[in-house]
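Source file run01.cif; content: mmCIF, C-alpha atoms and all ligand atoms.
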```cif
data_protein
#
loop_
_atom_site.group_PDB
_atom_site.id
_atom_site.type_symbol
_atom_site.label_atom_id
_atom_site.label_comp_id
_atom_site.auth_asym_id
_atom_site.auth_seq_id
_atom_site.Cartn_x
_atom_site.Cartn_y
_atom_site.Cartn_z
ATOM 1 C CA MET A 1 70.080 -16.179 -3.630
ATOM 2 C CA ARG A 2 68.761 -14.421 -0.564
ATOM 3 C CA LEU A 3 65.635 -12.278 -0.633
ATOM 4 C CA ASN A 4 65.921 -10.081 2.403
ATOM 5 C CA LYS A 5 62.527 -8.491 2.991
ATOM 6 C CA GLY A 6 63.822 -5.778 5.320
ATOM 7 C CA PHE A 7 66.421 -4.911 2.767
ATOM 8 C CA VAL A 8 63.795 -4.958 0.003
ATOM 9 C CA ALA A 9 61.624 -2.431 1.860
ATOM 10 C CA ALA A 10 64.593 -0.202 2.644
ATOM 11 C CA ALA A 11 65.843 -0.413 -0.927
ATOM 12 C CA ALA A 12 62.393 0.362 -2.300
ATOM 13 C CA ALA A 13 62.140 3.412 -0.034
ATOM 14 C CA ALA A 14 65.620 4.536 -1.066
ATOM 15 C CA VAL A 15 64.746 4.137 -4.730
ATOM 16 C CA MET A 16 61.571 6.187 -4.194
ATOM 17 C CA VAL A 17 63.470 8.986 -2.469
ATOM 18 C CA LEU A 18 66.266 8.891 -5.011
ATOM 19 C CA GLY A 19 63.924 8.224 -7.925
ATOM 20 C CA LEU A 20 65.424 10.831 -10.224
ATOM 21 C CA THR A 21 68.997 9.768 -9.524
ATOM 22 C CA ALA A 22 68.100 6.118 -10.070
ATOM 23 C CA CYS A 23 66.639 6.900 -13.518
ATOM 24 C CA THR A 24 69.694 8.898 -14.530
ATOM 25 C CA ASP A 25 72.030 6.128 -13.359
ATOM 26 C CA SER A 26 70.248 3.364 -15.243
ATOM 27 C CA SER A 27 70.706 5.154 -18.568
ATOM 28 C CA ALA A 28 74.402 5.880 -18.022
ATOM 29 C CA PRO A 29 76.801 3.507 -19.817
ATOM 30 C CA ALA A 30 78.196 1.016 -17.302
ATOM 31 C CA VAL A 31 80.897 -0.505 -19.496
ATOM 32 C CA ASP A 32 83.189 1.288 -21.937
ATOM 33 C CA VAL A 33 83.020 -0.005 -25.484
ATOM 34 C CA GLU A 34 86.496 -1.210 -26.360
ATOM 35 C CA THR A 35 88.406 -1.339 -29.562
ATOM 36 C CA PRO A 36 88.527 -5.115 -29.616
ATOM 37 C CA ALA A 37 91.676 -7.139 -29.947
ATOM 38 C CA ALA A 38 92.182 -8.578 -33.419
ATOM 39 C CA PHE A 39 90.000 -11.656 -33.554
ATOM 40 C CA ASP A 40 90.984 -14.675 -35.596
ATOM 41 C CA GLU A 41 89.531 -14.999 -39.096
ATOM 42 C CA GLY A 42 86.506 -17.221 -39.262
ATOM 43 C CA THR A 43 85.431 -16.718 -35.640
ATOM 44 C CA THR A 44 82.021 -15.435 -34.588
ATOM 45 C CA MET A 45 83.813 -12.681 -32.665
ATOM 46 C CA LYS A 46 85.508 -11.460 -35.859
ATOM 47 C CA LYS A 47 82.249 -11.599 -37.809
ATOM 48 C CA LEU A 48 80.332 -9.604 -35.185
ATOM 49 C CA ALA A 49 83.144 -7.117 -34.536
ATOM 50 C CA ASP A 50 83.493 -6.440 -38.278
ATOM 51 C CA ALA A 51 79.724 -6.021 -38.664
ATOM 52 C CA GLY A 52 79.660 -3.670 -35.658
ATOM 53 C CA GLU A 53 76.294 -5.061 -34.622
ATOM 54 C CA ILE A 54 74.811 -8.010 -32.764
ATOM 55 C CA THR A 55 71.338 -9.470 -32.242
ATOM 56 C CA ILE A 56 70.507 -10.469 -28.674
ATOM 57 C CA GLY A 57 67.386 -12.247 -27.460
ATOM 58 C CA THR A 58 66.058 -11.370 -24.027
ATOM 59 C CA LYS A 59 62.839 -11.013 -22.047
ATOM 60 C CA PHE A 60 60.810 -7.819 -22.461
ATOM 61 C CA ASP A 61 58.427 -8.177 -19.490
ATOM 62 C CA GLN A 62 60.627 -9.196 -16.561
ATOM 63 C CA PRO A 63 61.472 -6.297 -14.226
ATOM 64 C CA LEU A 64 65.049 -6.400 -12.806
ATOM 65 C CA PHE A 65 66.380 -8.643 -15.634
ATOM 66 C CA GLY A 66 64.766 -7.645 -18.930
ATOM 67 C CA LEU A 67 61.957 -5.099 -19.113
ATOM 68 C CA ALA A 68 61.332 -3.045 -22.251
ATOM 69 C CA ASN A 69 61.401 0.726 -21.661
ATOM 70 C CA PRO A 70 59.093 3.111 -23.570
ATOM 71 C CA ASP A 71 61.532 2.993 -26.526
ATOM 72 C CA ASN A 72 61.192 -0.813 -26.525
ATOM 73 C CA VAL A 73 64.787 -1.228 -25.334
ATOM 74 C CA PRO A 74 65.106 -3.822 -22.550
ATOM 75 C CA GLU A 75 66.611 -2.789 -19.214
ATOM 76 C CA GLY A 76 67.820 -5.008 -16.375
ATOM 77 C CA PHE A 77 70.668 -7.307 -15.397
ATOM 78 C CA ASP A 78 70.314 -9.529 -18.485
ATOM 79 C CA ALA A 79 70.349 -6.471 -20.743
ATOM 80 C CA GLU A 80 73.517 -5.246 -18.969
ATOM 81 C CA ILE A 81 75.200 -8.627 -19.436
ATOM 82 C CA GLY A 82 74.305 -8.464 -23.154
ATOM 83 C CA LYS A 83 75.742 -4.939 -23.409
ATOM 84 C CA LEU A 84 78.909 -6.096 -21.615
ATOM 85 C CA VAL A 85 79.567 -8.839 -24.182
ATOM 86 C CA ALA A 86 78.784 -6.439 -27.036
ATOM 87 C CA ALA A 87 81.166 -3.828 -25.600
ATOM 88 C CA LYS A 88 84.012 -6.372 -25.545
ATOM 89 C CA LEU A 89 83.352 -6.982 -29.244
ATOM 90 C CA GLY A 90 83.587 -3.234 -29.869
ATOM 91 C CA ILE A 91 79.832 -2.903 -30.420
ATOM 92 C CA GLN A 92 78.005 0.175 -29.103
ATOM 93 C CA PRO A 93 74.766 -0.351 -27.124
ATOM 94 C CA ASP A 94 72.747 1.385 -29.845
ATOM 95 C CA LYS A 95 74.035 -1.195 -32.355
ATOM 96 C CA ILE A 96 72.462 -4.063 -30.434
ATOM 97 C CA LYS A 97 69.288 -5.368 -32.022
ATOM 98 C CA TRP A 98 67.144 -6.625 -29.144
ATOM 99 C CA VAL A 99 64.673 -9.393 -29.930
ATOM 100 C CA GLU A 100 62.079 -10.612 -27.463
ATOM 101 C CA THR A 101 62.647 -14.291 -26.713
ATOM 102 C CA VAL A 102 59.889 -15.776 -24.580
ATOM 103 C CA SER A 103 60.903 -18.981 -22.805
ATOM 104 C CA ALA A 104 59.827 -21.397 -25.547
ATOM 105 C CA ASN A 105 61.571 -19.395 -28.315
ATOM 106 C CA ARG A 106 65.078 -19.435 -26.931
ATOM 107 C CA GLU A 107 66.486 -22.673 -28.380
ATOM 108 C CA PRO A 108 64.742 -22.286 -31.782
ATOM 109 C CA PHE A 109 65.866 -18.662 -32.181
ATOM 110 C CA ILE A 110 69.486 -19.683 -31.541
ATOM 111 C CA GLN A 111 69.215 -22.746 -33.786
ATOM 112 C CA ASN A 112 67.667 -20.733 -36.656
ATOM 113 C CA GLY A 113 70.283 -17.986 -36.367
ATOM 114 C CA GLN A 114 67.605 -15.380 -35.540
ATOM 115 C CA VAL A 115 69.767 -14.230 -32.631
ATOM 116 C CA ASP A 116 73.504 -14.342 -31.952
ATOM 117 C CA LEU A 117 72.997 -14.712 -28.211
ATOM 118 C CA VAL A 118 70.224 -15.272 -25.700
ATOM 119 C CA VAL A 119 70.518 -13.598 -22.291
ATOM 120 C CA ALA A 120 67.082 -14.264 -20.836
ATOM 121 C CA THR A 121 66.931 -15.802 -17.339
ATOM 122 C CA TYR A 122 68.009 -18.916 -19.242
ATOM 123 C CA THR A 123 68.798 -21.966 -17.129
ATOM 124 C CA ILE A 124 71.731 -24.110 -18.248
ATOM 125 C CA ASN A 125 70.721 -27.777 -18.320
ATOM 126 C CA ASP A 126 71.684 -30.977 -20.078
ATOM 127 C CA ALA A 127 68.590 -31.181 -22.288
ATOM 128 C CA ARG A 128 69.196 -27.684 -23.659
ATOM 129 C CA LYS A 129 72.910 -28.403 -24.074
ATOM 130 C CA GLN A 130 71.944 -30.982 -26.712
ATOM 131 C CA VAL A 131 70.820 -28.165 -29.041
ATOM 132 C CA VAL A 132 72.582 -24.960 -27.908
ATOM 133 C CA SER A 133 75.760 -24.089 -26.007
ATOM 134 C CA PHE A 134 76.015 -21.981 -22.863
ATOM 135 C CA ALA A 135 78.548 -19.547 -21.458
ATOM 136 C CA GLY A 136 78.329 -18.875 -17.753
ATOM 137 C CA PRO A 137 76.602 -19.244 -15.393
ATOM 138 C CA TYR A 138 76.560 -15.541 -14.540
ATOM 139 C CA TYR A 139 73.837 -15.846 -11.862
ATOM 140 C CA GLN A 140 72.113 -18.570 -9.878
ATOM 141 C CA ALA A 141 68.372 -18.333 -9.184
ATOM 142 C CA GLY A 142 65.968 -20.856 -7.642
ATOM 143 C CA GLN A 143 62.350 -21.658 -8.452
ATOM 144 C CA ASP A 144 59.819 -20.231 -6.008
ATOM 145 C CA LEU A 145 56.130 -19.310 -5.751
ATOM 146 C CA LEU A 146 54.231 -16.029 -6.025
ATOM 147 C CA VAL A 147 50.912 -15.727 -4.175
ATOM 148 C CA LEU A 148 48.444 -12.946 -3.401
ATOM 149 C CA ASP A 149 49.506 -10.481 -0.728
ATOM 150 C CA GLY A 150 48.711 -11.944 2.690
ATOM 151 C CA ASN A 151 48.955 -15.494 1.253
ATOM 152 C CA PRO A 152 45.204 -16.285 1.604
ATOM 153 C CA ASP A 153 45.670 -19.997 0.749
ATOM 154 C CA GLY A 154 48.479 -20.390 3.299
ATOM 155 C CA ILE A 155 50.970 -21.797 0.775
ATOM 156 C CA GLN A 156 54.228 -22.179 2.720
ATOM 157 C CA SER A 157 56.184 -24.249 0.203
ATOM 158 C CA VAL A 158 55.866 -26.194 -3.036
ATOM 159 C CA ASP A 159 54.556 -29.173 -1.022
ATOM 160 C CA ASP A 160 51.343 -27.227 -0.397
ATOM 161 C CA LEU A 161 50.491 -27.123 -4.122
ATOM 162 C CA ALA A 162 48.815 -30.552 -4.341
ATOM 163 C CA GLY A 163 45.339 -30.084 -5.795
ATOM 164 C CA LYS A 164 45.929 -26.386 -6.442
ATOM 165 C CA SER A 165 46.053 -24.654 -9.795
ATOM 166 C CA VAL A 166 49.339 -22.965 -10.721
ATOM 167 C CA CYS A 167 50.330 -20.677 -13.612
ATOM 168 C CA THR A 168 53.707 -20.932 -15.341
ATOM 169 C CA VAL A 169 55.267 -20.632 -18.805
ATOM 170 C CA SER A 170 55.593 -23.180 -21.618
ATOM 171 C CA GLY A 171 59.109 -24.248 -22.480
ATOM 172 C CA SER A 172 60.507 -23.257 -19.093
ATOM 173 C CA THR A 173 62.205 -25.383 -16.475
ATOM 174 C CA SER A 174 59.572 -23.987 -14.093
ATOM 175 C CA GLU A 175 56.843 -25.840 -15.987
ATOM 176 C CA LYS A 176 58.731 -29.148 -15.895
ATOM 177 C CA ASN A 177 59.737 -28.840 -12.229
ATOM 178 C CA VAL A 178 56.296 -27.943 -10.878
ATOM 179 C CA LEU A 179 54.689 -30.958 -12.570
ATOM 180 C CA GLN A 180 56.134 -33.076 -9.750
ATOM 181 C CA TYR A 181 53.902 -31.238 -7.285
ATOM 182 C CA THR A 182 50.622 -30.594 -9.142
ATOM 183 C CA SER A 183 49.169 -31.528 -12.511
ATOM 184 C CA ASP A 184 46.741 -28.597 -12.468
ATOM 185 C CA ILE A 185 48.835 -26.178 -14.511
ATOM 186 C CA ILE A 186 48.018 -23.245 -16.745
ATOM 187 C CA ALA A 187 50.983 -22.668 -19.077
ATOM 188 C CA THR A 188 51.147 -19.402 -20.995
ATOM 189 C CA ASP A 189 53.867 -17.491 -22.953
ATOM 190 C CA THR A 190 55.145 -15.027 -20.370
ATOM 191 C CA TYR A 191 55.112 -14.747 -16.600
ATOM 192 C CA SER A 192 53.368 -11.371 -16.748
ATOM 193 C CA ASN A 193 50.446 -13.218 -18.389
ATOM 194 C CA CYS A 194 50.115 -15.223 -15.170
ATOM 195 C CA LEU A 195 49.340 -12.200 -12.999
ATOM 196 C CA GLU A 196 45.697 -11.741 -14.002
ATOM 197 C CA PRO A 197 44.817 -15.417 -13.315
ATOM 198 C CA LEU A 198 46.433 -15.001 -9.877
ATOM 199 C CA ARG A 199 44.522 -11.763 -9.193
ATOM 200 C CA ASN A 200 41.165 -13.229 -10.156
ATOM 201 C CA GLY A 201 41.659 -16.521 -8.313
ATOM 202 C CA THR A 202 41.897 -18.776 -11.385
ATOM 203 C CA VAL A 203 45.193 -20.002 -9.935
ATOM 204 C CA ALA A 204 46.513 -20.099 -6.360
ATOM 205 C CA ALA A 205 50.133 -19.367 -7.309
ATOM 206 C CA VAL A 206 52.521 -18.431 -10.102
ATOM 207 C CA THR A 207 55.771 -20.343 -10.249
ATOM 208 C CA THR A 208 59.158 -19.544 -11.738
ATOM 209 C CA ASP A 209 62.553 -18.265 -10.588
ATOM 210 C CA ASN A 210 62.546 -16.267 -7.334
ATOM 211 C CA VAL A 211 64.167 -13.211 -8.934
ATOM 212 C CA ILE A 212 61.568 -13.017 -11.712
ATOM 213 C CA LEU A 213 58.801 -13.262 -9.110
ATOM 214 C CA ALA A 214 60.505 -10.632 -6.926
ATOM 215 C CA GLY A 215 60.551 -8.261 -9.902
ATOM 216 C CA LEU A 216 56.862 -8.823 -10.630
ATOM 217 C CA ALA A 217 55.935 -8.332 -6.946
ATOM 218 C CA ASP A 218 57.945 -5.104 -6.844
ATOM 219 C CA GLN A 219 56.323 -3.861 -10.068
ATOM 220 C CA ASN A 220 52.826 -4.447 -8.628
ATOM 221 C CA GLU A 221 53.338 -3.090 -5.148
ATOM 222 C CA GLY A 222 51.069 -4.451 -2.436
ATOM 223 C CA GLU A 223 49.411 -7.066 -4.663
ATOM 224 C CA PHE A 224 51.646 -10.132 -4.420
ATOM 225 C CA GLU A 225 54.309 -11.796 -2.279
ATOM 226 C CA VAL A 226 57.066 -14.321 -2.935
ATOM 227 C CA VAL A 227 56.774 -17.391 -0.667
ATOM 228 C CA GLY A 228 60.582 -17.464 -0.297
ATOM 229 C CA LYS A 229 61.289 -21.233 -0.306
ATOM 230 C CA PRO A 230 63.295 -21.900 -3.477
ATOM 231 C CA PHE A 231 63.111 -25.575 -4.442
ATOM 232 C CA THR A 232 65.466 -25.825 -7.467
ATOM 233 C CA GLU A 233 68.781 -24.440 -8.694
ATOM 234 C CA GLU A 234 68.615 -22.360 -11.867
ATOM 235 C CA PRO A 235 72.075 -21.352 -13.117
ATOM 236 C CA TYR A 236 71.642 -18.613 -15.736
ATOM 237 C CA GLY A 237 73.731 -18.996 -18.890
ATOM 238 C CA ILE A 238 74.207 -17.080 -22.115
ATOM 239 C CA GLY A 239 72.854 -19.224 -24.942
ATOM 240 C CA LEU A 240 74.751 -19.402 -28.239
ATOM 241 C CA ALA A 241 75.052 -21.687 -31.257
ATOM 242 C CA LEU A 242 75.826 -25.300 -30.431
ATOM 243 C CA ASP A 243 79.538 -26.090 -30.365
ATOM 244 C CA ASP A 244 80.761 -22.550 -31.109
ATOM 245 C CA THR A 245 83.525 -23.227 -28.607
ATOM 246 C CA GLU A 246 85.654 -20.166 -29.445
ATOM 247 C CA PHE A 247 82.714 -17.816 -28.895
ATOM 248 C CA ARG A 248 81.754 -19.611 -25.678
ATOM 249 C CA THR A 249 85.330 -19.334 -24.367
ATOM 250 C CA PHE A 250 85.438 -15.638 -25.296
ATOM 251 C CA ILE A 251 82.177 -14.929 -23.418
ATOM 252 C CA ASN A 252 83.339 -16.955 -20.414
ATOM 253 C CA ASP A 253 86.529 -14.846 -20.327
ATOM 254 C CA VAL A 254 84.417 -11.650 -20.478
ATOM 255 C CA LEU A 255 82.262 -12.870 -17.588
ATOM 256 C CA GLN A 256 85.281 -13.944 -15.533
ATOM 257 C CA ASP A 257 86.991 -10.560 -16.015
ATOM 258 C CA ALA A 258 83.756 -8.783 -15.022
ATOM 259 C CA GLU A 259 83.552 -10.842 -11.830
ATOM 260 C CA ASP A 260 87.216 -10.186 -11.040
ATOM 261 C CA ASP A 261 87.305 -6.428 -11.672
ATOM 262 C CA GLY A 262 84.041 -5.458 -9.966
ATOM 263 C CA THR A 263 82.065 -4.832 -13.170
ATOM 264 C CA TRP A 264 79.673 -7.675 -12.341
ATOM 265 C CA ASP A 265 78.794 -6.037 -8.998
ATOM 266 C CA LYS A 266 78.336 -2.657 -10.690
ATOM 267 C CA LEU A 267 75.935 -4.092 -13.283
ATOM 268 C CA TRP A 268 73.999 -5.974 -10.593
ATOM 269 C CA GLU A 269 73.718 -2.958 -8.331
ATOM 270 C CA LYS A 270 72.348 -0.668 -11.055
ATOM 271 C CA THR A 271 69.613 -3.212 -11.943
ATOM 272 C CA ALA A 272 68.399 -6.149 -9.819
ATOM 273 C CA GLY A 273 70.500 -4.921 -6.895
ATOM 274 C CA LYS A 274 68.083 -2.031 -6.372
ATOM 275 C CA ILE A 275 65.766 -4.605 -4.789
ATOM 276 C CA LEU A 276 67.861 -7.738 -4.112
ATOM 277 C CA ASP A 277 71.009 -8.377 -2.088
ATOM 278 C CA THR A 278 74.241 -8.637 -4.045
ATOM 279 C CA PRO A 279 75.236 -12.316 -4.221
ATOM 280 C CA THR A 280 78.615 -13.874 -4.923
ATOM 281 C CA PRO A 281 78.536 -14.728 -8.632
ATOM 282 C CA PRO A 282 78.590 -18.469 -9.394
ATOM 283 C CA THR A 283 81.691 -20.215 -10.700
ATOM 284 C CA ILE A 284 81.853 -20.271 -14.481
ATOM 285 C CA ASP A 285 81.464 -23.758 -15.894
ATOM 286 C CA ARG A 286 83.869 -24.257 -18.810
ATOM 287 C CA TYR A 287 82.400 -27.618 -19.735
HETATM 288 N N1 LIG B 1 65.152 -20.082 -15.683
HETATM 289 C C1 LIG B 1 64.044 -20.884 -16.106
HETATM 290 C C2 LIG B 1 64.195 -21.318 -17.545
HETATM 291 O O1 LIG B 1 65.157 -20.992 -18.187
HETATM 292 C C3 LIG B 1 62.711 -20.206 -15.872
HETATM 293 C C4 LIG B 1 62.666 -18.760 -16.264
HETATM 294 C C5 LIG B 1 62.329 -18.533 -17.719
HETATM 295 O O2 LIG B 1 61.446 -19.217 -18.257
HETATM 296 O O3 LIG B 1 62.933 -17.635 -18.300
HETATM 297 O O4 LIG B 1 63.375 -22.007 -18.062
#
```
Would you encode the structure as structure tokens?
Amino acid sequence: MRLNKGFVAAAAAAVMVLGLTACTDSSAPAVDVETPAAFDEGTTMKKLADAGEITIGTKFDQPLFGLANPDNVPEGFDAEIGKLVAAKLGIQPDKIKWVETVSANREPFIQNGQVDLVVATYTINDARKQVVSFAGPYYQAGQDLLVLDGNPDGIQSVDDLAGKSVCTVSGSTSEKNVLQYTSDIIATDTYSNCLEPLRNGTVAAVTTDNVILAGLADQNEGEFEVVGKPFTEEPYGIGLALDDTEFRTFINDVLQDAEDDGTWDKLWEKTAGKILDTPTPPTIDRY
């Protein structure tokens, strides 16, 4: 993932100039809803396609990936990926029930059947694979730091965090990873909850994935900056019920087709791509 600051400024200016167009584009359907192929009896695909609806967990406060609009419908790259999978099941966007899944809720909501899928800046890792399954990855982020504009504490990398207080989110990989660098951690429910402690000096930095931080910096123009030294790899997967191999294979096929036919790029460019460079999507891991 590259965060090109010159590009960010130019993109922000372009979005400002083309503000009206950008709004119109983001509401236009990006993927046609298909009449799905006949799914086998007993599969999750068949169940969802027959019901004509799906419940998807995502973030509601993360600009670029999942940010609730005034109608409480999330917008961003994760929301588009959710709509893509739904479309391939023959489900219209207005038949998606969106549920907010903060970081700590993702595994339990899948395990309890409260959601059919989680698309929520959700890192694939071995610990989580013990309790849920993952399709993807469909994006690769890296953990970074957010500091006040002008970087008053001179934090150049994660190695400068020793003895400093940092805000992050419970149940995230960010929380686990940063513990290697400082034990002075405030852990809350959502990354947006970390912004006030950063503003008022309770913490010196907020830490999570670079793209989440880039979205928060963009949303609060002139207040914050991303340090820009990612120190982990965070492959984003779509979480689903443990060992639902047919559903996982189906979603992996949907993602692969989207990468091959240019849909992935289109979905990126209408969301996170307004601010961030367009990366090469990661290779899907059919573990
Ligand atoms: N990608 C990391 C994770 O899944 C951090 C971002 C988040 O909490 O959503 O834990």
Might I get the box with edges along x, y and z of the file that holds all atoms of ligand LIG 1 (chain B) listed there, padded by 6 Å on every side, given as centre and edge lengths in Å to one decimal, as JSON?
```
{"center_x": 63.3, "center_y": -19.8, "center_z": -17.0, "size_x": 15.7, "size_y": 16.4, "size_z": 14.6}
```
7 Å shell around ligand LIG 1 (chain B) using all atoms listed in the file, listed as a tab-separated table (two decimals) with C-alpha atoms, keeping the file's coordinate frame:
```
chain	number	residue	atom	x	y	z
A	103	SER	CA	60.90	-18.98	-22.80
A	120	ALA	CA	67.08	-14.26	-20.84
A	121	THR	CA	66.93	-15.80	-17.34
A	122	TYR	CA	68.01	-18.92	-19.24
A	123	THR	CA	68.80	-21.97	-17.13
A	169	VAL	CA	55.27	-20.63	-18.80
A	171	GLY	CA	59.11	-24.25	-22.48
A	172	SER	CA	60.51	-23.26	-19.09
A	173	THR	CA	62.20	-25.38	-16.48
A	174	SER	CA	59.57	-23.99	-14.09
A	208	THR	CA	59.16	-19.54	-11.74
A	209	ASP	CA	62.55	-18.26	-10.59
A	234	GLU	CA	68.61	-22.36	-11.87
A	236	TYR	CA	71.64	-18.61	-15.74
```
### Query
Within 10 Å of Pro281 of chain A, counting all atoms listed in the file, which residues qualify if same-chain residues fewer than 6 places away don't, as a ChimeraX atom specification?
/A:1,137-140,255-256,259,264-265
### Task
List, as a PyMOL selection string, every residue that the PyMOL selection byres (((chain A and resi 131) around 12) and not hetatm) selects in the file provided.
chain A and resi 106-112+124-130+132-134+239-244
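With all atoms listed in the file as the atoms that count, the minimum distance from Thr271 of chain A to the choices A:Thr44, A:Thr232, A:Gln62, A:Asn151 is reached by A:Gln62.
We find atom CA of Gly150 of chain A and atom CA of Leu216 of chain A to be spaced 15.9 Å apart.
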Non-local contacts of Gln219 of chain A (10 Å; all atoms listed in the file; under 6 positions in same chain excluded) as a PDB file with C-alpha atoms, in the frame of the given file:
```pdb
ATOM      1  CA  GLN A  62      60.627  -9.196 -16.561  1.00  0.00           C
ATOM      2  CA  PRO A  63      61.472  -6.297 -14.226  1.00  0.00           C
ATOM      3  CA  LEU A  64      65.049  -6.400 -12.806  1.00  0.00           C
ATOM      4  CA  LEU A 213      58.801 -13.262  -9.110  1.00  0.00           C
TER       5      LEU A 213
END
```
### Residue nearest Asp189 of chain A - candidates A:Ile238, A:Ala272, A:Ala86, A:Val102, atoms counted: all atoms listed in the file
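With all atoms listed in the file as the atom set, the closest residue is A:Val102.
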### Message
Please list, as an MDAnalysis selection string, the residues that have an atom at most 12 Å away from (62.4, -5.5, -24.9) in the coordinates of this file, counting only C-alpha atoms.
### Response
chainID A and resid 56:63 65:76 78:79 96:102 119:120
### Query
Which neighbours of Val226 of chain A fall inside 10 Å, counting all atoms listed in the file, when residues of the same chain fewer than 3 positions from it are skipped, and could you give them as a count of residues only?
22
### Query
Which one is closest to Gln156 of chain A: A:Phe231, A:Tyr191, A:Val31, A:Asp218? Count only C-alpha atoms.
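Of the candidates, the smallest distance to Gln156 of chain A is held by A:Phe231.
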### Task
Return the single residue from A:Leu276, A:Thr188, A:Ser183, A:Thr55 that is closest to Gly113 of chain A, with distances computed using all atoms listed in the file.
A:Thr55
### Point-to-point distance in Å for atom CA of Pro197 of chain A and atom CA of Pro235 of chain A
27.9 Å
### Task
Have a look at atom CA of Leu117 of chain A and atom CA of Glu175 of chain A and let me know their distance in Å, one decimal.
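Interatomic distance, atom CA of Leu117 of chain A to atom CA of Glu175 of chain A: 23.1 Å.
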### Message
Counting all atoms listed in the file, I want the residues whose atoms come within 6 Å of (79.1, -22.2, -17.1) in the file frame, returned as a list in words.
### Response
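Those within range, by chain then number, are Ala135, Gly136, Pro137, Ile284, Asp285 and Arg286 of chain A.
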### Message
Under the rule that all atoms listed in the file are counted, which of A:Val166, A:Ile155, A:Leu84, A:Val33 is the nearest residue to Asn252 of chain A?
### Response
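Of the candidates, the smallest distance to Asn252 of chain A is held by A:Leu84.
Using all atoms listed in the file, the smallest distance between any of A:Asn105, A:Val118, A:Asp32, A:Glu246 and Thr263 of chain A comes from A:Asp32.
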### Query
Residues at most 6 Å from Ala187 of chain A, counting all atoms listed in the file, excluding those fewer than 5 positions away in the same chain, as an MDAnalysis selection string?
chainID A and resid 167:170
### Message
So that I can see what lies close to Glu53 of chain A, please list as a PyMOL selection string the residues with an atom at most 10 Å from it, counting all atoms listed in the file and leaving out residues fewer than 5 positions away in the same chain.
### Response
chain A and resi 47-48+86+89-97
